[in-house]
Amino acid sequence: MNLSTRIKRAGAAGVTAVAAAAVVMAVAVPASATTSSTTICASGNYRIRFELPQQGSSGEVPRGVCQYVPLQAGTSYVKIWGYWNTNPGTFYVGTGHPQNPGSTWFYAGGTTTSPNLTFG
């Protein structure tokens with residue numbers, strides 16, 4: 001085999017290796033990649049805690065504030081609790097199911113004695 005043939009074969013093998021690596025990199029998207037989002041608002045007279053059990057994450061939203069929350073693929077619900085204004089305990093507000101991820105907003109409203117969860 002002459003030098004010209006060896007160089008051509010080595011070049012073809014290199015191109016194949018680079019193409020295969022590009023395919024592997026394109027397919028290997030991390031499982032934690034954000035695919036959509038929702039917004040959670042503490043519109044009552046209390047601050048809230050939310051949990052995304054399927055993501056293993058949680059957060060807090062101060063009273064009167066809305067917070068953007070990224071959702072991973074497979075996240076179908078969010079649990080929301082309110083904090084009492086007079087002690088450190090919490091109370092259950094509700095469970096929300098993002099109907100249209102990216103455009104669903106959850107509003108934890110009402111008072112600590114009469115909380116409600118609505119969405120829009």
# chains A, B, ... in the order shown; residues from 1 in each chain; ligands from 1
>>> residues_around(residues="A:Thr35", least_positions_apart="6", cutoff="10 Å", atoms="only C-alpha atoms", output="ChimeraX atom specification")
/A:70-75,101-102
>>> closest_residue(among="A:Arg63, A:Gly120, A:Gln99, A:Thr38", to="A:Trp84", atoms="only C-alpha atoms")
A:Arg63
>>> closest_residue(among="A:Cys41, A:Val69, A:Leu52, A:Val78", to="A:Gly96", atoms="only C-alpha atoms")
A:Val78
>>> residues_around(residues="A:Asn85", least_positions_apart="5", cutoff="9 Å", atoms="only C-alpha atoms", output="compact mmCIF listing (two decimals) with all heavy atoms, in the first residue's frame")
# COMPACT_ATOMS: atom_id res chain seq x y z
N ASN A 45 -52.08 36.42 51.84
CA ASN A 45 -51.42 37.20 52.89
C ASN A 45 -50.33 36.38 53.59
O ASN A 45 -50.04 36.59 54.75
CB ASN A 45 -52.45 37.73 53.90
CG ASN A 45 -53.00 36.64 54.81
OD1 ASN A 45 -52.86 35.45 54.52
ND2 ASN A 45 -53.60 37.05 55.91
N TYR A 46 -49.72 35.46 52.86
CA TYR A 46 -48.69 34.57 53.43
C TYR A 46 -47.66 34.23 52.36
O TYR A 46 -47.93 34.31 51.16
CB TYR A 46 -49.35 33.29 53.97
CG TYR A 46 -50.25 32.61 52.95
CD1 TYR A 46 -49.74 31.66 52.06
CD2 TYR A 46 -51.60 32.92 52.86
CE1 TYR A 46 -50.55 31.05 51.13
CE2 TYR A 46 -52.42 32.32 51.93
CZ TYR A 46 -51.89 31.38 51.06
OH TYR A 46 -52.68 30.78 50.13
N ARG A 47 -46.47 33.85 52.79
CA ARG A 47 -45.45 33.37 51.84
C ARG A 47 -45.66 31.88 51.64
O ARG A 47 -46.32 31.22 52.45
CB ARG A 47 -44.04 33.69 52.33
CG ARG A 47 -43.63 33.01 53.58
CD ARG A 47 -42.28 33.56 54.10
NE ARG A 47 -41.98 33.01 55.40
CZ ARG A 47 -41.16 32.00 55.60
NH1 ARG A 47 -40.55 31.42 54.59
NH2 ARG A 47 -40.95 31.54 56.83
N THR A 112 -54.38 32.84 55.62
CA THR A 112 -53.86 31.65 56.28
C THR A 112 -54.98 30.76 56.81
O THR A 112 -54.82 29.55 56.93
CB THR A 112 -52.92 32.02 57.44
OG1 THR A 112 -53.61 32.86 58.35
CG2 THR A 112 -51.67 32.73 56.93
>>> atom_distance(atom1="atom CA of A:Trp105", atom2="atom CA of A:Trp81")
15.9 Å
>>> atom_distance(atom1="atom CA of A:Asn87", atom2="atom CA of A:Thr118")
24.9 Å
>>> residues_around(residues="A:Glu60", least_positions_apart="2", cutoff="7 Å", atoms="only C-alpha atoms", output="PDB file with N, CA, C and O atoms, in the first residue's frame")
ATOM      1  N   ILE A  48     -45.122  31.347  50.551  1.00  0.00           N
ATOM      2  CA  ILE A  48     -45.370  29.938  50.232  1.00  0.00           C
ATOM      3  C   ILE A  48     -44.086  29.159  50.007  1.00  0.00           C
ATOM      4  O   ILE A  48     -43.029  29.711  49.746  1.00  0.00           O
ATOM      5  N   ARG A  49     -44.241  27.855  50.117  1.00  0.00           N
ATOM      6  CA  ARG A  49     -43.191  26.900  49.785  1.00  0.00           C
ATOM      7  C   ARG A  49     -43.777  25.995  48.706  1.00  0.00           C
ATOM      8  O   ARG A  49     -44.922  25.554  48.821  1.00  0.00           O
ATOM      9  N   PHE A  50     -42.999  25.740  47.651  1.00  0.00           N
ATOM     10  CA  PHE A  50     -43.455  24.813  46.614  1.00  0.00           C
ATOM     11  C   PHE A  50     -42.463  23.667  46.506  1.00  0.00           C
ATOM     12  O   PHE A  50     -41.282  23.823  46.804  1.00  0.00           O
ATOM     13  N   PRO A  62     -41.855  34.766  48.428  1.00  0.00           N
ATOM     14  CA  PRO A  62     -42.347  35.750  49.404  1.00  0.00           C
ATOM     15  C   PRO A  62     -43.759  36.233  49.053  1.00  0.00           C
ATOM     16  O   PRO A  62     -44.157  36.218  47.888  1.00  0.00           O
TER      17      PRO A  62
END
>>> residues_around(residues="A:Gln67", least_positions_apart="4", cutoff="8 Å", atoms="only C-alpha atoms", output="list in words")
Thr39, Ile40, Cys41 and Val61 of chain A
>>> closest_residue(among="A:Ile80, A:Thr113, A:Gly64, A:Phe106", to="A:Tyr92", atoms="only C-alpha atoms")
A:Ile80
>>> atom_distance(atom1="atom CA of A:Gly89", atom2="atom CA of A:Tyr68")
24.5 Å
>>> closest_residue(among="A:Gly82, A:Gly44, A:Gly109, A:Phe119", to="A:Gly59", atoms="only C-alpha atoms")
A:Gly82
